[in-house]
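Structure first, then comments.
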Amino acid sequence: MFEGSIGPDSLAVLRSTRPLIANARSVTIVPDAVEATAALLANAELAPPEWETGIHFRDDTWRTAAWVLVLDALNFCFWSERPDPELDGHDGTRYDGYWALVAALRKAIDRGQPLWDADYLLTAPDAELVAIFDPADPDGVPIPQLERRVAHLREVGVGLRETPIEELISAANGSAVALADAVRRRFPSFNDIVLIDGQEVRFLKRAQILIADLHGAFGGAGLGKFHDLHELTAFADYKVPQVLRRFGVLRYSSDLEAALHARQLIPANSPWELEIRAATIWGCELIRQALVAQGKPLMAMEIDWALWLTGQELPAGTEPYHRTPTIFY
């Protein structure tokens with residue numbers, strides 16, 4: 001029986017996902033590997049997450065906050081059933097994955113497209129917004145789910161016209177929890193919640209990562225200052241569970257392993273997908289608790305960041321990540 005303890009959990013992500021782990025059939029969290037991974041992180045020289053200003057837009061005003069909101073409204077599904085798409089950056093460099101999105105948005109701003117402006121997001125022609133995501137190679141693979149990305153840009157425009165970003169952040173009174181909850185209510189595409197037998201299961205990946213990104217973009221000050229960052233959980237995506245699996249923290253059943261090896265699409269909200277996401281959150285939480293016991297307290301978002309960075313440079317032969325067509329990660 002899974003008995004992971006729950007600390008501060010105002011967003012109810014830990015509490016609502018714990019039953020999925022307690023009753024999981026295909027994904028197991030391995031306690032010895034949790035301890036070993038915690039020891040590895042305890043001995044590592046971990047720098048706090050930094051906002052890479054060479055690619056990300058940053059002017060230390062409300063525009064930066066709105067840019068981050070736009071970025072995280074689009075922060076999903078960077079893989080393709082064909083080779084992963086590449087986009088040209090504002091400096092001519094080619095990027096893929098998440099960094100391709102960042103570079104594309106930065107390049108759009110350099111062209112004079114005010115992506116922080118609600119009126120622009122609502123009135124720009126679809127073709128102009130689609131062109132933001134043009135692949136680096138004219139014959140290359142386009143970024144997936146283009147229609148949904150344009151729809152999310154429109155959604156951000158609607159939300160920001162009703163409540164400007166600085167007002168939205170100010171109303172949270174420095175609470176990461178309050179802002180994440182306000183964002184998932186204001187912008188439906190951030191409302192990463194599943195109903196199982198009438199009970200909410202909360203993941204809130206993009207709502208939570210938005211807070212972490214605001215914190216990074218403003219260096220923990222001004223519009224990025226929050227007093228309860230410790231209440232955020234790991235961000236349940238597809239790269240972090242891949243790293244946790246490589247470290248042995250997650251163990252998959254033989255049929256799930258076979259599906260991943262075959263690059264079979266795992267449907268959103270299926271038992272496999274829900275167990276992987278819940279185990280990602282709880283695997284990171286148990287690592288966090290083990291680090292506290294080892295005298296090196298880290299926040300879940302810092303652990304997530306370290307694992308995500310590891311996932312950007314995995315060696316050849318690493319077990320593949322799960323592929324789920326979704327707007328939530």
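A note on labels: chains of the structure tokens are A, B, ... as shown, every chain counts residues from 1, and ligands are counted from 1 in their shown order.
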
Within stretch 121-300 of chain A, find each residue whose DSSP state, derived from the backbone, is alpha helix (DSSP H), and express the selection as a ChimeraX atom specification.
/A:121-123,126-130,146-162,165-171,176-186,205-217,239-246,254-261,271-293,300

Give the strand (DSSP E or B) residues of stretch 30-217 of chain A, as assigned by DSSP on the backbone, as a VMD selection string.
chain A and resid 86 to 88 94 to 96 193 to 196 199 to 202

Nearby residues (only C-alpha atoms) at most 12 Å from A:Phe247, same-chain spacing under 4 positions excluded, as a list in words
Ile29, Val30, Pro31, Asp32, Ala33, Val34, Glu35, Ala36, Thr37, Ala38, Ala39, Leu40, Leu41, Val240, Pro241, Gln242, Val243, Arg251, Gly283, Cys284, Ile287, Leu307, Thr310, Gly311, Leu314, Thr318 and Glu319 of chain A

Would you mind listing what lies within 10 Å of A:Gln208 as a PyMOL selection string, with only C-alpha atoms counted and same-chain residues fewer than 3 positions away left out?
chain A and resi 11+72+176-177+179-181+183-184+190+203-205+211-213+229+231-236+301

Selection export as a PDB file, in the first residue's frame, atoms kept: C-alpha atoms:
```pdb
ATOM      1  CA  LEU A  11      -3.835  22.993  -4.999  1.00  0.00           C
ATOM      2  CA  ASP A  72       3.127  28.577 -21.268  1.00  0.00           C
ATOM      3  CA  ALA A 176       1.757  31.019  -6.208  1.00  0.00           C
ATOM      4  CA  VAL A 177      -1.221  28.859  -5.271  1.00  0.00           C
ATOM      5  CA  LEU A 179      -2.284  32.699  -9.060  1.00  0.00           C
ATOM      6  CA  ALA A 180      -2.175  29.133 -10.403  1.00  0.00           C
ATOM      7  CA  ASP A 181      -5.798  28.683  -9.399  1.00  0.00           C
ATOM      8  CA  VAL A 183      -5.044  31.129 -14.193  1.00  0.00           C
ATOM      9  CA  ARG A 184      -6.689  27.719 -14.528  1.00  0.00           C
ATOM     10  CA  PHE A 190      -4.677  25.594 -18.244  1.00  0.00           C
ATOM     11  CA  PHE A 203      -2.218  17.826 -12.390  1.00  0.00           C
ATOM     12  CA  LEU A 204      -2.164  21.548 -13.348  1.00  0.00           C
ATOM     13  CA  LYS A 205       1.142  21.199 -15.160  1.00  0.00           C
ATOM     14  CA  ILE A 211       4.439  30.386 -11.743  1.00  0.00           C
ATOM     15  CA  ALA A 212       7.927  28.898 -11.844  1.00  0.00           C
ATOM     16  CA  ASP A 213       8.623  30.713 -15.116  1.00  0.00           C
ATOM     17  CA  LEU A 229       6.545  28.263  -4.108  1.00  0.00           C
ATOM     18  CA  GLU A 231       3.520  24.238  -2.457  1.00  0.00           C
ATOM     19  CA  LEU A 232       4.056  23.626  -6.177  1.00  0.00           C
ATOM     20  CA  THR A 233       4.510  20.015  -7.261  1.00  0.00           C
ATOM     21  CA  ALA A 234       6.563  18.590 -10.088  1.00  0.00           C
ATOM     22  CA  PHE A 235       5.248  19.390 -13.555  1.00  0.00           C
ATOM     23  CA  ALA A 236       3.811  16.150 -14.944  1.00  0.00           C
ATOM     24  CA  MET A 301      10.108  22.619  -8.869  1.00  0.00           C
TER      25      MET A 301
END
```

Could you work out how far atom CA of A:Phe78 lies from atom CA of A:Tyr120, giving the answer in Å with one decimal?
24.9 Å

Which residues are close to stretch 105-113 of chain A, i.e. within 8 Å by only C-alpha atoms, leaving aside same-chain residues fewer than 3 positions away? Reply as an NGL selection string.
:A and (55-57 or 71 or 89-90 or 101-102 or 120 or 132)

For A:Phe76, the nearest of the candidates A:Arg288, A:Arg161, A:His261, A:Arg323, counting only C-alpha atoms:
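That would be A:Arg323, the residue with the smallest distance to A:Phe76.
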
Between atom CA of A:Glu257 and atom CA of A:Trp272, measure the distance and give it in Å to one decimal.
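So the answer is 10.6 Å.
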
Selection: 10 Å around A:Trp116, only C-alpha atoms, excl. self and same-chain fewer than 3 positions, as a ChimeraX atom specification:
/A:62-70,109,113,119-121,156-157,160,164-165

Those residues you just picked out, can you put them in a file as a PDB file, in the first residue's frame with N, CA and C atoms?
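This went into out-v5.pdb:
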```
ATOM      1  N   TRP A  62       5.512  44.416 -17.282  1.00  0.00           N
ATOM      2  CA  TRP A  62       4.350  43.557 -17.443  1.00  0.00           C
ATOM      3  C   TRP A  62       4.390  42.802 -18.759  1.00  0.00           C
ATOM      4  N   ARG A  63       5.094  43.361 -19.768  1.00  0.00           N
ATOM      5  CA  ARG A  63       5.189  42.666 -21.056  1.00  0.00           C
ATOM      6  C   ARG A  63       5.864  41.309 -20.895  1.00  0.00           C
ATOM      7  N   THR A  64       6.879  41.263 -20.037  1.00  0.00           N
ATOM      8  CA  THR A  64       7.540  39.980 -19.789  1.00  0.00           C
ATOM      9  C   THR A  64       6.559  38.982 -19.195  1.00  0.00           C
ATOM     10  N   ALA A  65       5.737  39.436 -18.248  1.00  0.00           N
ATOM     11  CA  ALA A  65       4.767  38.538 -17.620  1.00  0.00           C
ATOM     12  C   ALA A  65       3.768  38.014 -18.642  1.00  0.00           C
ATOM     13  N   ALA A  66       3.302  38.884 -19.537  1.00  0.00           N
ATOM     14  CA  ALA A  66       2.359  38.452 -20.564  1.00  0.00           C
ATOM     15  C   ALA A  66       3.031  37.509 -21.554  1.00  0.00           C
ATOM     16  N   TRP A  67       4.290  37.793 -21.873  1.00  0.00           N
ATOM     17  CA  TRP A  67       5.061  36.888 -22.742  1.00  0.00           C
ATOM     18  C   TRP A  67       5.154  35.494 -22.123  1.00  0.00           C
ATOM     19  N   VAL A  68       5.407  35.425 -20.825  1.00  0.00           N
ATOM     20  CA  VAL A  68       5.498  34.131 -20.150  1.00  0.00           C
ATOM     21  C   VAL A  68       4.156  33.405 -20.205  1.00  0.00           C
ATOM     22  N   LEU A  69       3.074  34.139 -20.031  1.00  0.00           N
ATOM     23  CA  LEU A  69       1.746  33.535 -20.122  1.00  0.00           C
ATOM     24  C   LEU A  69       1.515  32.950 -21.517  1.00  0.00           C
ATOM     25  N   VAL A  70       1.872  33.711 -22.553  1.00  0.00           N
ATOM     26  CA  VAL A  70       1.742  33.216 -23.922  1.00  0.00           C
ATOM     27  C   VAL A  70       2.597  31.966 -24.119  1.00  0.00           C
ATOM     28  N   ILE A 109       8.475  38.490 -31.887  1.00  0.00           N
ATOM     29  CA  ILE A 109       8.580  39.798 -31.229  1.00  0.00           C
ATOM     30  C   ILE A 109       9.597  40.672 -31.940  1.00  0.00           C
ATOM     31  N   GLN A 113       5.751  41.753 -33.715  1.00  0.00           N
ATOM     32  CA  GLN A 113       4.444  41.216 -33.328  1.00  0.00           C
ATOM     33  C   GLN A 113       4.321  41.292 -31.799  1.00  0.00           C
ATOM     34  N   ASP A 119      -5.310  42.863 -27.737  1.00  0.00           N
ATOM     35  CA  ASP A 119      -5.965  43.208 -28.992  1.00  0.00           C
ATOM     36  C   ASP A 119      -5.275  42.546 -30.184  1.00  0.00           C
ATOM     37  N   TYR A 120      -3.950  42.509 -30.148  1.00  0.00           N
ATOM     38  CA  TYR A 120      -3.231  41.854 -31.244  1.00  0.00           C
ATOM     39  C   TYR A 120      -3.561  40.366 -31.295  1.00  0.00           C
ATOM     40  N   LEU A 121      -3.555  39.704 -30.141  1.00  0.00           N
ATOM     41  CA  LEU A 121      -3.834  38.268 -30.112  1.00  0.00           C
ATOM     42  C   LEU A 121      -5.244  37.954 -30.606  1.00  0.00           C
ATOM     43  N   VAL A 156      -5.771  33.505 -24.641  1.00  0.00           N
ATOM     44  CA  VAL A 156      -4.985  34.435 -23.833  1.00  0.00           C
ATOM     45  C   VAL A 156      -5.444  35.864 -24.099  1.00  0.00           C
ATOM     46  N   GLY A 157      -5.710  36.180 -25.353  1.00  0.00           N
ATOM     47  CA  GLY A 157      -6.195  37.517 -25.680  1.00  0.00           C
ATOM     48  C   GLY A 157      -7.490  37.844 -24.971  1.00  0.00           C
ATOM     49  N   LEU A 160      -6.727  38.323 -21.170  1.00  0.00           N
ATOM     50  CA  LEU A 160      -5.981  39.547 -20.862  1.00  0.00           C
ATOM     51  C   LEU A 160      -6.806  40.797 -21.139  1.00  0.00           C
ATOM     52  N   PRO A 164      -5.940  42.486 -17.249  1.00  0.00           N
ATOM     53  CA  PRO A 164      -4.539  42.615 -17.618  1.00  0.00           C
ATOM     54  C   PRO A 164      -3.640  41.781 -16.702  1.00  0.00           C
ATOM     55  N   ILE A 165      -2.523  41.343 -17.218  1.00  0.00           N
ATOM     56  CA  ILE A 165      -1.670  40.400 -16.501  1.00  0.00           C
ATOM     57  C   ILE A 165      -1.207  40.935 -15.158  1.00  0.00           C
TER      58      ILE A 165
END
```

From A:Ile276, A:Ala217, A:Leu168, A:Ile281, residue lying nearest A:Arg15 [only C-alpha atoms]:
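Smallest separation from A:Arg15 among the options: A:Ile281.
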
Of the candidates A:Ile266, A:Arg246, A:Asp228, A:Ala182, which one gets nearest to A:Pro315 if we count only C-alpha atoms?
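The closest residue to A:Pro315 is A:Arg246.
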
Need to verify the contact set: A:Leu298, 10 Å, only C-alpha atoms, exclusion of same-chain residues closer than 5 positions in sequence. Can you return it as a PyMOL selection string?
chain A and resi 41-42+46+48+230+287-292+303

Nearest to A:Leu286, chosen from A:Ala316, A:Leu129, A:Ala300, A:Gly224, with only C-alpha atoms counted in the distances
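Ranked by minimum distance to A:Leu286, first place goes to A:Ala300.
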
Distance atom CA of A:Gly222-atom CA of A:Ala178, one decimal place?
16.2 Å

Between A:Ala278, A:Pro297, A:Trp308, A:Glu155, which one has atoms that come closest to A:Pro19, using only C-alpha atoms?
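Residue with the minimum atom-to-atom distance to A:Pro19: A:Ala278.
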
In terms of the shortest atom-to-atom distance over only C-alpha atoms, which of A:Thr28, A:Ser16, A:Ser5, A:Asn173 is closest to A:Ala279?
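For A:Ala279, the nearest of the candidates is A:Thr28.
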